[in-house]
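Data block for protein_22.tsv (TSV, C-alpha atoms):
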```
chain	number	residue	atom	x	y	z
O	1	MET	CA	-55.43	-71.51	-1.46
O	2	SER	CA	-55.19	-69.08	1.39
O	3	LEU	CA	-52.89	-71.39	3.35
O	4	TRP	CA	-50.37	-71.47	0.53
O	5	LYS	CA	-50.53	-67.68	0.19
O	6	ASP	CA	-49.83	-67.27	3.90
O	7	PHE	CA	-46.77	-69.47	3.51
O	8	SER	CA	-45.39	-68.19	0.22
O	9	LYS	CA	-45.57	-64.49	0.88
O	10	GLY	CA	-42.68	-64.78	3.30
O	11	LEU	CA	-40.54	-66.30	0.56
O	12	TRP	CA	-40.54	-63.32	-1.80
O	13	LYS	CA	-43.33	-60.73	-1.65
O	14	ASP	CA	-42.89	-60.01	2.04
O	15	ILE	CA	-39.44	-61.47	2.53
O	16	ALA	CA	-37.53	-60.39	5.59
O	17	PRO	CA	-35.40	-58.35	5.89
O	18	PHE	CA	-35.46	-57.02	2.33
O	19	ARG	CA	-39.16	-56.32	1.69
O	20	ILE	CA	-40.35	-56.34	5.26
O	21	VAL	CA	-37.48	-54.42	6.78
O	22	LEU	CA	-37.42	-56.18	10.13
O	23	GLY	CA	-34.83	-58.25	11.95
O	24	LEU	CA	-31.82	-56.32	10.64
O	25	CYS	CA	-29.66	-56.62	13.76
O	26	PRO	CA	-28.82	-60.31	13.54
O	27	VAL	CA	-28.66	-60.06	9.74
O	28	LEU	CA	-25.60	-57.85	9.90
O	29	ALA	CA	-23.85	-59.67	12.72
O	30	VAL	CA	-24.16	-63.34	11.80
O	31	THR	CA	-23.82	-63.25	8.02
O	32	THR	CA	-20.04	-63.46	8.06
O	33	ALA	CA	-20.33	-66.89	6.45
O	34	ALA	CA	-23.06	-68.79	4.65
O	35	ASP	CA	-23.48	-71.55	7.22
O	36	ASN	CA	-23.66	-69.07	10.12
O	37	GLY	CA	-26.49	-67.31	8.33
O	38	LEU	CA	-28.16	-70.65	7.64
O	39	GLY	CA	-27.89	-71.77	11.27
O	40	MET	CA	-29.23	-68.49	12.62
O	41	GLY	CA	-32.08	-68.49	10.09
O	42	LEU	CA	-33.15	-72.02	10.98
O	43	ALA	CA	-33.07	-71.25	14.71
O	44	THR	CA	-35.20	-68.17	14.11
O	45	THR	CA	-37.59	-70.16	11.89
O	46	PHE	CA	-38.08	-72.73	14.63
O	47	VAL	CA	-38.87	-70.07	17.23
O	48	LEU	CA	-41.10	-68.13	14.83
O	49	THR	CA	-43.15	-71.15	13.80
O	50	CYS	CA	-43.58	-72.49	17.33
O	51	SER	CA	-44.45	-69.15	18.86
O	52	ASN	CA	-46.89	-68.36	16.05
O	53	ALA	CA	-48.57	-71.71	16.64
O	54	LEU	CA	-48.84	-71.25	20.40
O	55	VAL	CA	-49.90	-67.59	20.26
O	56	SER	CA	-52.55	-68.45	17.70
O	57	SER	CA	-53.95	-71.33	19.74
O	58	LEU	CA	-54.16	-69.08	22.81
O	59	ARG	CA	-55.39	-66.02	20.97
O	60	LYS	CA	-58.90	-66.15	22.43
O	61	ILE	CA	-57.60	-66.64	25.98
O	62	ILE	CA	-54.85	-64.03	26.30
O	63	PRO	CA	-56.33	-60.70	27.50
O	64	ARG	CA	-55.42	-57.76	25.26
O	65	LYS	CA	-53.81	-55.79	28.03
O	66	VAL	CA	-51.15	-58.42	28.78
O	67	ARG	CA	-50.70	-59.69	25.25
O	68	ILE	CA	-47.18	-58.35	24.69
O	69	ALA	CA	-45.99	-59.74	28.00
O	70	SER	CA	-47.53	-63.11	27.16
O	71	TYR	CA	-46.05	-63.19	23.66
O	72	ILE	CA	-42.59	-62.39	24.97
O	73	LEU	CA	-42.87	-65.12	27.62
O	74	ILE	CA	-43.78	-67.61	24.93
O	75	ILE	CA	-41.09	-66.46	22.51
O	76	ALA	CA	-38.42	-66.48	25.23
O	77	THR	CA	-39.33	-70.03	26.19
O	78	PHE	CA	-38.77	-71.27	22.65
O	79	VAL	CA	-35.55	-69.29	22.33
O	80	VAL	CA	-34.12	-70.91	25.47
O	81	MET	CA	-35.15	-74.28	24.03
O	82	VAL	CA	-33.25	-73.54	20.83
O	83	GLU	CA	-30.26	-72.34	22.81
O	84	LEU	CA	-30.14	-75.55	24.86
O	85	ILE	CA	-30.50	-77.72	21.76
O	86	MET	CA	-27.73	-75.82	20.03
O	87	GLN	CA	-25.42	-76.12	23.01
O	88	ALA	CA	-26.09	-79.83	23.21
O	89	TYR	CA	-25.77	-80.77	19.55
O	90	PHE	CA	-24.29	-77.91	17.53
O	91	TYR	CA	-21.66	-76.49	19.85
O	92	SER	CA	-19.40	-74.93	17.20
O	93	LEU	CA	-22.36	-73.01	15.74
O	94	TYR	CA	-23.33	-71.98	19.27
O	95	MET	CA	-19.86	-70.57	19.87
O	96	ILE	CA	-20.01	-68.56	16.65
O	97	LEU	CA	-23.53	-67.17	17.04
O	98	GLY	CA	-22.86	-66.49	20.72
O	99	ILE	CA	-24.95	-63.69	22.13
O	100	PHE	CA	-27.18	-63.45	19.06
O	101	ILE	CA	-29.07	-66.60	20.00
O	102	PRO	CA	-30.72	-65.11	23.09
O	103	LEU	CA	-31.24	-61.95	21.03
O	104	ILE	CA	-33.69	-63.90	18.84
O	105	VAL	CA	-36.22	-63.02	21.56
O	106	VAL	CA	-36.15	-59.38	20.51
O	107	ASN	CA	-36.00	-60.09	16.79
O	108	CYS	CA	-38.78	-57.83	15.56
O	109	ILE	CA	-39.98	-60.39	13.03
O	110	ILE	CA	-41.16	-62.79	15.72
O	111	LEU	CA	-42.96	-60.32	17.94
O	112	GLY	CA	-44.22	-58.53	14.84
O	113	ARG	CA	-45.80	-61.65	13.34
O	114	ALA	CA	-47.25	-62.66	16.70
O	115	GLU	CA	-48.98	-59.32	17.03
O	116	ALA	CA	-49.92	-58.73	13.41
O	117	PHE	CA	-50.90	-62.23	12.35
O	118	ALA	CA	-50.88	-65.06	14.88
O	119	SER	CA	-53.06	-63.19	17.36
O	120	LYS	CA	-55.78	-62.88	14.76
O	121	LYS	CA	-55.63	-65.92	12.50
O	122	PRO	CA	-56.21	-69.65	13.01
O	123	VAL	CA	-53.41	-72.01	14.04
O	124	LEU	CA	-52.71	-73.65	10.67
O	125	ASN	CA	-52.46	-70.28	8.90
O	126	SER	CA	-50.19	-68.97	11.63
O	127	ILE	CA	-47.92	-71.98	11.27
O	128	ALA	CA	-47.79	-71.40	7.51
O	129	ASP	CA	-47.01	-67.72	8.06
O	130	GLY	CA	-44.27	-68.54	10.57
O	131	LEU	CA	-42.69	-71.16	8.31
O	132	GLY	CA	-42.84	-68.89	5.26
O	133	MET	CA	-41.39	-65.80	6.91
O	134	GLY	CA	-38.82	-67.90	8.72
O	135	LEU	CA	-37.66	-69.70	5.59
O	136	GLY	CA	-37.55	-66.44	3.66
O	137	PHE	CA	-35.47	-64.93	6.43
O	138	THR	CA	-33.20	-67.99	6.33
O	139	MET	CA	-32.75	-67.63	2.56
O	140	SER	CA	-31.88	-63.94	2.95
O	141	LEU	CA	-29.34	-64.66	5.67
O	142	THR	CA	-27.77	-67.51	3.73
O	143	VAL	CA	-27.51	-65.51	0.49
O	144	LEU	CA	-26.07	-62.48	2.26
O	145	GLY	CA	-23.70	-64.73	4.21
O	146	ALA	CA	-22.66	-66.49	1.01
O	147	ILE	CA	-21.88	-63.22	-0.78
O	148	ARG	CA	-19.85	-61.91	2.14
O	149	GLU	CA	-18.07	-65.22	2.55
O	150	ILE	CA	-17.21	-65.61	-1.15
O	151	LEU	CA	-15.88	-62.06	-1.52
O	152	GLY	CA	-14.38	-61.68	1.92
O	153	ASN	CA	-12.91	-65.14	2.45
O	154	GLY	CA	-12.84	-66.95	-0.87
O	155	THR	CA	-14.87	-69.83	0.53
O	156	LEU	CA	-18.48	-71.00	0.46
O	157	PHE	CA	-19.79	-73.16	3.31
O	158	GLY	CA	-16.17	-73.62	4.24
O	159	PHE	CA	-15.07	-74.92	0.83
O	160	SER	CA	-12.31	-72.94	-0.82
O	161	LEU	CA	-13.52	-71.66	-4.17
O	162	PHE	CA	-10.57	-69.91	-5.65
O	163	GLY	CA	-6.94	-70.89	-5.56
O	164	PRO	CA	-4.43	-69.68	-3.00
O	165	ASP	CA	-3.72	-66.66	-5.20
O	166	PHE	CA	-7.09	-65.11	-4.38
O	167	SER	CA	-6.68	-62.08	-2.17
O	168	PRO	CA	-9.92	-61.71	-0.27
O	169	PHE	CA	-11.87	-58.48	-0.04
O	170	VAL	CA	-11.72	-58.59	3.75
O	171	PHE	CA	-13.89	-55.48	4.06
O	172	MET	CA	-16.85	-57.72	3.25
O	173	VAL	CA	-16.64	-59.80	6.41
O	174	LYS	CA	-16.38	-56.78	8.67
O	175	PRO	CA	-19.39	-54.79	9.95
O	176	PRO	CA	-19.12	-51.94	7.40
O	177	GLY	CA	-19.08	-54.55	4.62
O	178	ALA	CA	-22.28	-56.00	6.05
O	179	PHE	CA	-24.07	-52.65	5.73
O	180	VAL	CA	-22.81	-52.11	2.20
O	181	CYS	CA	-23.76	-55.61	1.11
O	182	LEU	CA	-27.20	-55.37	2.68
O	183	GLY	CA	-27.81	-52.01	1.00
O	184	ILE	CA	-26.81	-53.30	-2.41
O	185	LEU	CA	-29.01	-56.38	-2.06
O	186	LEU	CA	-31.95	-54.26	-0.89
O	187	GLY	CA	-31.53	-51.97	-3.88
O	188	ALA	CA	-31.30	-54.96	-6.22
O	189	MET	CA	-34.48	-56.49	-4.76
O	190	ASN	CA	-36.31	-53.19	-5.19
O	191	ILE	CA	-35.28	-52.99	-8.85
O	192	ILE	CA	-36.34	-56.59	-9.51
O	193	SER	CA	-39.71	-56.12	-7.80
O	194	ARG	CA	-40.38	-52.90	-9.66
O	195	GLY	CA	-39.60	-54.65	-12.93
O	196	LYS	CA	-42.07	-57.43	-12.10
O	197	VAL	CA	-44.94	-55.07	-11.28
F	1	MET	CA	-61.49	-56.84	39.20
F	2	ARG	CA	-62.49	-59.83	37.05
F	3	GLU	CA	-60.21	-58.48	34.35
F	4	ILE	CA	-57.20	-58.29	36.64
F	5	VAL	CA	-57.77	-61.79	37.95
F	6	LYS	CA	-57.98	-63.15	34.41
F	7	MET	CA	-54.72	-61.41	33.46
F	8	MET	CA	-53.00	-62.84	36.51
F	9	ILE	CA	-54.24	-66.33	35.82
F	10	VAL	CA	-53.20	-66.31	32.15
F	11	LEU	CA	-49.73	-64.93	32.83
F	12	THR	CA	-49.20	-67.36	35.70
F	13	ALA	CA	-50.33	-70.29	33.58
F	14	ILE	CA	-48.01	-69.35	30.74
F	15	SER	CA	-45.13	-68.91	33.17
F	16	ILE	CA	-45.75	-72.32	34.69
F	17	PHE	CA	-45.86	-73.92	31.25
F	18	SER	CA	-42.63	-72.16	30.36
F	19	GLY	CA	-40.89	-73.17	33.58
F	20	VAL	CA	-41.90	-76.82	33.36
F	21	THR	CA	-40.98	-77.14	29.70
F	22	LEU	CA	-37.58	-75.52	30.15
F	23	ALA	CA	-36.78	-77.56	33.26
F	24	PHE	CA	-37.54	-80.69	31.26
F	25	PHE	CA	-35.39	-79.54	28.36
F	26	GLU	CA	-32.51	-78.53	30.61
F	27	ARG	CA	-32.47	-81.93	32.22
F	28	LYS	CA	-32.58	-83.71	28.88
F	29	THR	CA	-29.70	-81.69	27.43
F	30	ARG	CA	-27.51	-81.51	30.51
F	31	GLU	CA	-25.30	-84.47	29.63
F	32	PRO	CA	-24.79	-83.68	25.95
F	33	ILE	CA	-23.94	-80.10	26.90
F	34	GLN	CA	-21.37	-81.23	29.46
F	35	TYR	CA	-19.80	-83.47	26.86
F	36	GLN	CA	-19.67	-80.62	24.32
F	37	ARG	CA	-18.13	-78.26	26.84
F	38	LEU	CA	-15.54	-80.88	27.63
F	39	SER	CA	-14.59	-81.35	23.99
F	40	PHE	CA	-14.66	-77.74	22.88
F	41	ILE	CA	-13.64	-75.74	25.89
F	42	LYS	CA	-12.29	-77.71	28.80
F	43	GLY	CA	-10.36	-80.24	26.74
F	44	PRO	CA	-8.21	-77.71	24.86
F	45	ALA	CA	-7.71	-75.70	28.07
F	46	VAL	CA	-6.50	-78.77	29.99
F	47	LEU	CA	-4.02	-79.67	27.28
F	48	ALA	CA	-2.83	-76.08	27.14
F	49	VAL	CA	-1.88	-75.82	30.81
F	50	PHE	CA	0.34	-78.93	30.72
F	51	SER	CA	3.61	-79.65	28.97
F	52	ASN	CA	5.73	-82.80	28.63
F	53	TYR	CA	3.03	-85.33	29.43
F	54	ASP	CA	2.54	-88.70	27.76
F	55	ASN	CA	-1.01	-89.67	28.73
F	56	ASP	CA	-4.47	-88.44	27.74
F	57	PRO	CA	-5.53	-86.18	30.65
F	58	ILE	CA	-9.07	-86.01	29.32
F	59	ARG	CA	-9.53	-89.76	29.11
F	60	ASP	CA	-7.90	-90.26	32.51
F	61	HIS	CA	-9.87	-87.59	34.29
F	62	LYS	CA	-11.74	-88.32	37.51
F	63	LYS	CA	-15.21	-86.88	37.83
F	64	ASN	CA	-16.84	-85.40	40.93
F	65	VAL	CA	-13.96	-85.61	43.36
F	66	THR	CA	-15.12	-84.11	46.65
F	67	LEU	CA	-12.69	-81.58	48.08
F	68	GLU	CA	-12.97	-79.55	51.26
F	69	GLU	CA	-12.66	-75.83	50.56
F	70	SER	CA	-12.87	-74.73	54.16
F	71	GLU	CA	-14.38	-75.90	57.45
F	72	GLY	CA	-17.48	-77.82	56.48
F	73	LEU	CA	-17.66	-76.46	52.93
F	74	THR	CA	-17.02	-79.01	50.18
F	75	THR	CA	-16.97	-78.75	46.43
F	76	GLN	CA	-16.87	-81.29	43.63
F	77	LYS	CA	-14.31	-81.06	40.89
F	78	SER	CA	-13.21	-82.99	37.85
F	79	ILE	CA	-9.49	-83.63	38.15
F	80	PHE	CA	-7.38	-84.00	34.99
F	81	PRO	CA	-4.03	-85.74	35.59
F	82	ALA	CA	-0.89	-85.23	33.53
F	83	LYS	CA	1.40	-88.26	33.64
F	84	LYS	CA	4.90	-89.10	32.57
F	85	ASN	CA	5.90	-92.78	32.47
F	86	GLY	CA	2.74	-93.69	34.36
F	87	LYS	CA	3.39	-91.32	37.22
F	88	CYS	CA	1.12	-88.31	37.71
F	89	PHE	CA	3.21	-85.15	38.00
F	90	ALA	CA	0.55	-82.47	37.62
F	91	ILE	CA	-3.19	-82.03	37.81
F	92	ALA	CA	-5.66	-79.55	36.40
F	93	TYR	CA	-9.05	-78.44	37.56
F	94	GLU	CA	-11.54	-75.68	36.95
F	95	VAL	CA	-12.03	-72.67	39.20
F	96	MET	CA	-14.38	-69.73	38.95
F	97	GLY	CA	-13.37	-66.14	39.39
F	98	GLU	CA	-15.36	-62.93	39.65
F	99	GLY	CA	-14.71	-60.55	36.84
F	100	TYR	CA	-15.89	-57.07	36.13
F	101	HIS	CA	-18.95	-58.40	34.40
F	102	GLY	CA	-19.78	-61.88	35.61
F	103	THR	CA	-18.05	-65.17	36.26
F	104	ILE	CA	-14.74	-66.12	34.71
F	105	ASP	CA	-14.15	-69.84	34.15
F	106	ILE	CA	-10.50	-70.74	34.57
F	107	MET	CA	-8.49	-73.96	34.13
F	108	VAL	CA	-5.38	-74.18	36.31
F	109	GLY	CA	-2.56	-76.69	36.03
F	110	ILE	CA	-0.69	-77.44	39.26
F	111	ASP	CA	2.59	-79.29	39.73
F	112	MET	CA	2.13	-82.09	42.28
F	113	LYS	CA	5.50	-81.74	43.96
F	114	SER	CA	5.92	-77.99	44.28
F	115	GLY	CA	2.29	-76.88	44.30
F	116	ASN	CA	3.20	-74.24	41.73
F	117	LEU	CA	1.33	-73.46	38.54
F	118	THR	CA	2.11	-75.28	35.31
F	119	GLY	CA	-0.24	-73.01	33.43
F	120	MET	CA	-3.52	-71.13	33.42
F	121	ARG	CA	-6.18	-70.68	30.76
F	122	VAL	CA	-9.32	-68.57	30.86
F	123	MET	CA	-12.08	-70.71	29.34
F	124	THR	CA	-15.22	-68.59	29.35
F	125	HIS	CA	-15.98	-65.07	30.47
F	126	THR	CA	-18.24	-62.14	29.75
F	127	GLU	CA	-15.73	-59.33	30.18
F	128	THR	CA	-15.56	-56.19	28.07
F	129	PRO	CA	-14.18	-56.85	24.58
F	130	GLY	CA	-10.85	-55.11	24.06
F	131	LEU	CA	-10.32	-54.57	27.78
F	132	GLY	CA	-11.17	-57.28	30.31
F	133	ALA	CA	-11.49	-59.80	27.49
F	134	ARG	CA	-7.74	-59.57	26.99
F	135	ILE	CA	-7.22	-61.89	29.96
F	136	VAL	CA	-7.37	-64.69	27.40
F	137	GLU	CA	-4.30	-63.44	25.59
F	138	PRO	CA	-0.95	-65.27	25.95
F	139	ALA	CA	0.70	-62.06	27.14
F	140	PHE	CA	-1.44	-62.27	30.25
F	141	ASN	CA	-1.71	-66.00	30.94
F	142	GLU	CA	1.97	-66.76	30.21
F	143	GLN	CA	2.86	-64.77	33.33
F	144	PHE	CA	1.32	-67.45	35.52
F	145	VAL	CA	3.58	-70.34	34.54
F	146	GLY	CA	5.73	-71.53	37.42
F	147	LEU	CA	4.30	-69.15	39.99
F	148	GLY	CA	3.50	-70.12	43.57
F	149	ILE	CA	0.95	-68.82	46.05
F	150	GLN	CA	3.29	-66.10	47.32
F	151	ASP	CA	3.68	-64.61	43.81
F	152	LEU	CA	-0.02	-64.42	43.09
F	153	ALA	CA	-0.98	-60.79	43.31
F	154	LEU	CA	-0.98	-57.85	40.95
F	155	SER	CA	2.41	-56.18	40.55
F	156	ASN	CA	1.21	-52.99	42.20
F	157	LYS	CA	0.43	-55.02	45.30
F	158	GLY	CA	3.79	-56.76	45.44
F	159	GLY	CA	2.98	-59.76	43.30
F	160	LYS	CA	4.30	-60.90	39.93
F	161	ILE	CA	1.27	-60.43	37.68
F	162	ASN	CA	1.00	-57.36	35.48
F	163	ALA	CA	-2.66	-56.57	35.00
F	164	VAL	CA	-4.14	-56.04	31.55
F	165	SER	CA	-4.04	-52.26	31.09
F	166	GLY	CA	-7.44	-50.75	31.67
F	167	ALA	CA	-8.78	-54.02	33.11
F	168	THR	CA	-7.61	-54.18	36.70
F	169	ILE	CA	-10.80	-55.72	38.03
F	170	SER	CA	-10.84	-58.52	35.45
F	171	SER	CA	-7.14	-59.22	36.05
F	172	LYS	CA	-7.62	-59.18	39.81
F	173	GLY	CA	-10.55	-61.59	39.49
F	174	VAL	CA	-8.36	-64.08	37.66
F	175	VAL	CA	-5.44	-63.68	40.07
F	176	GLU	CA	-7.60	-64.21	43.13
F	177	ALA	CA	-9.32	-67.26	41.68
F	178	VAL	CA	-5.99	-68.81	40.70
F	179	LYS	CA	-4.60	-68.08	44.17
F	180	LYS	CA	-7.61	-69.80	45.75
F	181	SER	CA	-7.06	-72.77	43.49
F	182	LEU	CA	-3.49	-73.16	44.77
F	183	GLU	CA	-4.66	-72.81	48.36
F	184	LEU	CA	-7.26	-75.50	47.70
F	185	PHE	CA	-4.56	-77.74	46.27
F	186	THR	CA	-2.30	-77.34	49.30
F	187	ARG	CA	-5.22	-78.13	51.53
F	188	THR	CA	-6.51	-81.15	49.62
F	189	LYS	CA	-3.38	-82.65	48.07
F	190	THR	CA	-3.81	-85.97	49.88
F	191	GLU	CA	-7.46	-86.32	48.82
F	192	ILE	CA	-6.53	-85.57	45.23
F	193	THR	CA	-3.72	-88.12	45.20
F	194	LYS	CA	-6.04	-90.71	46.73
F	195	ALA	CA	-8.79	-90.00	44.17
F	196	LEU	CA	-6.35	-90.38	41.29
F	197	GLU	CA	-4.98	-93.66	42.57
F	198	SER	CA	-8.38	-95.26	43.04
F	199	GLY	CA	-9.87	-97.07	40.03
```
structure tokens encoding of this file:
Amino acid sequence: MSLWKDFSKGLWKDIAPFRIVLGLCPVLAVTTAADNGLGMGLATTFVLTCSNALVSSLRKIIPRKVRIASYILIIATFVVMVELIMQAYFYSLYMILGIFIPLIVVNCIILGRAEAFASKKPVLNSIADGLGMGLGFTMSLTVLGAIREILGNGTLFGFSLFGPDFSPFVFMVKPPGAFVCLGILLGAMNIISRGKV
Amino acid sequence: MREIVKMMIVLTAISIFSGVTLAFFERKTREPIQYQRLSFIKGPAVLAVFSNYDNDPIRDHKKNVTLEESEGLTTQKSIFPAKKNGKCFAIAYEVMGEGYHGTIDIMVGIDMKSGNLTGMRVMTHTETPGLGARIVEPAFNEQFVGLGIQDLALSNKGGKINAVSGATISSKGVVEAVKKSLELFTRTKTEITKALESG
């Protein structure tokens, strides 16, 4: 089923940011804890799915020469929506993610999928694509956040895992730790994929 | 020509859709957002600028009190009272200052009798991390406790506030906003007392 393929490829084969190396900026900054990664991923998924849906439904109307401007207008609208919703109902997450929420607008995944997929495929497929890539992105962020949180803080989703004698590997929750962790995960994913094929 | 007209129409239509949708959303989320800001940001700041009170300043606060800033210019503020034994001895309200990089939101606590500061807390700002952002540190805001209008200037201009090193503009922004807040208090003390006494 083509619809299923469009959805599932974002979950492993073309997962962001490990296979499709896009959207790295927020990945490094917000994955200091598992639930920050989860929150950011879900916000991005919402924007990605909605903008894919709208871009796809307008794909025959938007003139090619102003397509990027139109896509960005649409994406920015949904990002502001997410920002307002977060401020109203998830304020502590909003304080943590801070400036990276408005930066979802320039997350390459969203503009990339709008241009490469939603502008050419029907609405239902575009929604599937958006959901798949978004959820894959969310999984990546949550896993990366979990690893950094466990090693760098001794907790997972805020729950203390080890006793008070655990001395955390604080390097992991700092920016350099993010790069190292991302690199290791990327290498691991490459090895696994090579083994499969 | 046809092409250009079509581009204009599409972009305008999308912009209108965007504007209408966001205006709707903003309106819908305005109240929840105000409540969140109160709990997460204003609340802690109010409690931090007072000491030795026995009421709940947040529960007792009066919304939208109209105060006259200058001839013909009014503003609306939420006033948070600090009470001891039922008598209000200090109030707090929010003022905005101009920093190096945008607005600085400040909560000031003012003693009712003397008109001097009971405390100051910077709530939100967009100053440079490591420089202007240091206005939130205790080393900076502790200087304000007990000061009056005459003390409110940077130390190199004869006042009592030492600026954050490397962040004169941010520090000055805070000092000037706090000074204006004291001037406003002196000017509107009777209105404030009246607003607090009413039901």
Find, counting only C-alpha atoms, the residue in O:Gly187, O:Val30, O:Gly41, O:Phe7 that gets nearest to Met139 of chain O.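 So, comparing all the options, the nearest one is O:Gly41.
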Mind running chain F against chain O at 8 Å and telling me each contacting residue's nearest atom pair with the distance in Å (one decimal), counting all atoms listed in the file, chain and number ascending, as a tab-separated table?
```
residue	atom	partner	partner_atom	distance
F:Lys6	CA	O:Pro63	CA	7.5
F:Met7	CA	O:Pro63	CA	6.2
F:Val10	CA	O:Ile62	CA	6.5
F:Leu11	CA	O:Ser70	CA	6.3
F:Ile14	CA	O:Ser70	CA	7.2
F:Ser15	CA	O:Leu73	CA	7.1
F:Ser18	CA	O:Thr77	CA	5.7
F:Leu22	CA	O:Met81	CA	6.7
F:Phe25	CA	O:Met81	CA	6.8
F:Glu26	CA	O:Leu84	CA	6.9
F:Thr29	CA	O:Ala88	CA	5.9
F:Arg30	CA	O:Ala88	CA	7.6
F:Glu31	CA	O:Ala88	CA	8.0
F:Pro32	CA	O:Ala88	CA	4.9
F:Ile33	CA	O:Ala88	CA	4.3
F:Gln34	CA	O:Ala88	CA	8.0
F:Gln36	CA	O:Tyr91	CA	6.4
F:Phe40	CA	O:Tyr91	CA	7.7
```
How big is the axis-aligned box around all listed atoms of segment 124-131 of chain O once 8 Å goes on each side, and where's its centre, in Å to one decimal, as AutoDock Vina command-line options?
```
--center_x -47.7 --center_y -70.7 --center_z 9.6 --size_x 26.0 --size_y 21.9 --size_z 20.1
```
Would you list the residues near (-29.6, -67.9, 11.7) (no more than 9 Å away, in the coordinates of the file, using all atoms listed in the file) as a PyMOL selection string? chain O and resi 26-27+30-31+35-45+97+100-101+137-138+141-142
Write the residues of the selection above to a file with C-alpha atoms, as an mmCIF file, keeping the file's coordinate frame.
```
data_model
loop_
_atom_site.group_PDB
_atom_site.id
_atom_site.type_symbol
_atom_site.label_atom_id
_atom_site.label_comp_id
_atom_site.auth_asym_id
_atom_site.auth_seq_id
_atom_site.Cartn_x
_atom_site.Cartn_y
_atom_site.Cartn_z
ATOM 1 C CA PRO O 26 -28.820 -60.310 13.540
ATOM 2 C CA VAL O 27 -28.660 -60.060 9.740
ATOM 3 C CA VAL O 30 -24.160 -63.340 11.800
ATOM 4 C CA THR O 31 -23.820 -63.250 8.020
ATOM 5 C CA ASP O 35 -23.480 -71.550 7.220
ATOM 6 C CA ASN O 36 -23.660 -69.070 10.120
ATOM 7 C CA GLY O 37 -26.490 -67.310 8.330
ATOM 8 C CA LEU O 38 -28.160 -70.650 7.640
ATOM 9 C CA GLY O 39 -27.890 -71.770 11.270
ATOM 10 C CA MET O 40 -29.230 -68.490 12.620
ATOM 11 C CA GLY O 41 -32.080 -68.490 10.090
ATOM 12 C CA LEU O 42 -33.150 -72.020 10.980
ATOM 13 C CA ALA O 43 -33.070 -71.250 14.710
ATOM 14 C CA THR O 44 -35.200 -68.170 14.110
ATOM 15 C CA THR O 45 -37.590 -70.160 11.890
ATOM 16 C CA LEU O 97 -23.530 -67.170 17.040
ATOM 17 C CA PHE O 100 -27.180 -63.450 19.060
ATOM 18 C CA ILE O 101 -29.070 -66.600 20.000
ATOM 19 C CA PHE O 137 -35.470 -64.930 6.430
ATOM 20 C CA THR O 138 -33.200 -67.990 6.330
ATOM 21 C CA LEU O 141 -29.340 -64.660 5.670
ATOM 22 C CA THR O 142 -27.770 -67.510 3.730
#
```
Could you check the closest approach to Ser8 of chain O for each of O:Val180, O:Leu54, O:Leu135, O:Ala188 and tell me which residue wins, using only C-alpha atoms? O:Leu135
Local residues around (-12.2, -61.5, 41.6), at most 6 Å away, using only C-alpha atoms, as a compact mmCIF listing (two decimals) with C-alpha atoms, in the coordinates of the input:
```txt
# COMPACT_ATOMS: atom_id res chain seq x y z
CA GLY F 97 -13.37 -66.14 39.39
CA GLU F 98 -15.36 -62.93 39.65
CA GLY F 99 -14.71 -60.55 36.84
CA LYS F 172 -7.62 -59.18 39.81
CA GLY F 173 -10.55 -61.59 39.49
CA GLU F 176 -7.60 -64.21 43.13
```
So, with only C-alpha atoms as the atoms that count, which of F:Lys160, F:Arg59, F:Arg121, F:Lys113 lies closest to Phe185 of chain F?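 For Phe185 of chain F, the nearest of the candidates is F:Lys113.
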Tell me, as a list in words, which residues lie within 9 Å of Val164 of chain F, counting all atoms listed in the file; anything in the same chain fewer than 4 positions away does not count. Leu131, Gly132, Arg134, Ile135, Ala139, Phe140, Thr168, Ser170 and Ser171 of chain F
Prev. selection, C-alpha atoms, output as an mmCIF file, in the frame of the given file:
```cif
data_model
loop_
_atom_site.group_PDB
_atom_site.id
_atom_site.type_symbol
_atom_site.label_atom_id
_atom_site.label_comp_id
_atom_site.auth_asym_id
_atom_site.auth_seq_id
_atom_site.Cartn_x
_atom_site.Cartn_y
_atom_site.Cartn_z
ATOM 1 C CA LEU F 131 -10.320 -54.570 27.780
ATOM 2 C CA GLY F 132 -11.170 -57.280 30.310
ATOM 3 C CA ARG F 134 -7.740 -59.570 26.990
ATOM 4 C CA ILE F 135 -7.220 -61.890 29.960
ATOM 5 C CA ALA F 139 0.700 -62.060 27.140
ATOM 6 C CA PHE F 140 -1.440 -62.270 30.250
ATOM 7 C CA THR F 168 -7.610 -54.180 36.700
ATOM 8 C CA SER F 170 -10.840 -58.520 35.450
ATOM 9 C CA SER F 171 -7.140 -59.220 36.050
#
```
I'd like the contact shell of segment 108-122 of chain O - 8 Å cut-off, only C-alpha atoms, skipping same-chain residues fewer than 5 positions apart - returned as a PyMOL selection string. chain O and resi 16+22-23+47-48+51-53+55-57+59+68+71-72+75+129-130
Excluding His101 of chain F and any residue of its chain fewer than 4 positions from it, enumerate the residues within 10 Å of it, using all atoms listed in the file, and give them as a VMD selection string. chain F and resid 125 to 128 132 169 to 170
Give the answer as one residue: which of F:Ala167, F:Val95, F:Val145, F:Val108 has the shortest atom-to-atom distance to Gly130 of chain F, using all atoms listed in the file?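 Smallest separation from Gly130 of chain F among the options: F:Ala167.
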Taking 6 positions as the minimum chain separation for residues in the same chain, which residues sit within 6 Å of segment 83-91 of chain F when counting all atoms listed in the file? Answer as a PyMOL selection string. chain F and resi 53-55+109-112
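Closest approach to Thr32 of chain O among O:Ile192, O:Leu186, O:Ala128, O:Ala178 is made by O:Ala178 (distances from all atoms listed in the file).
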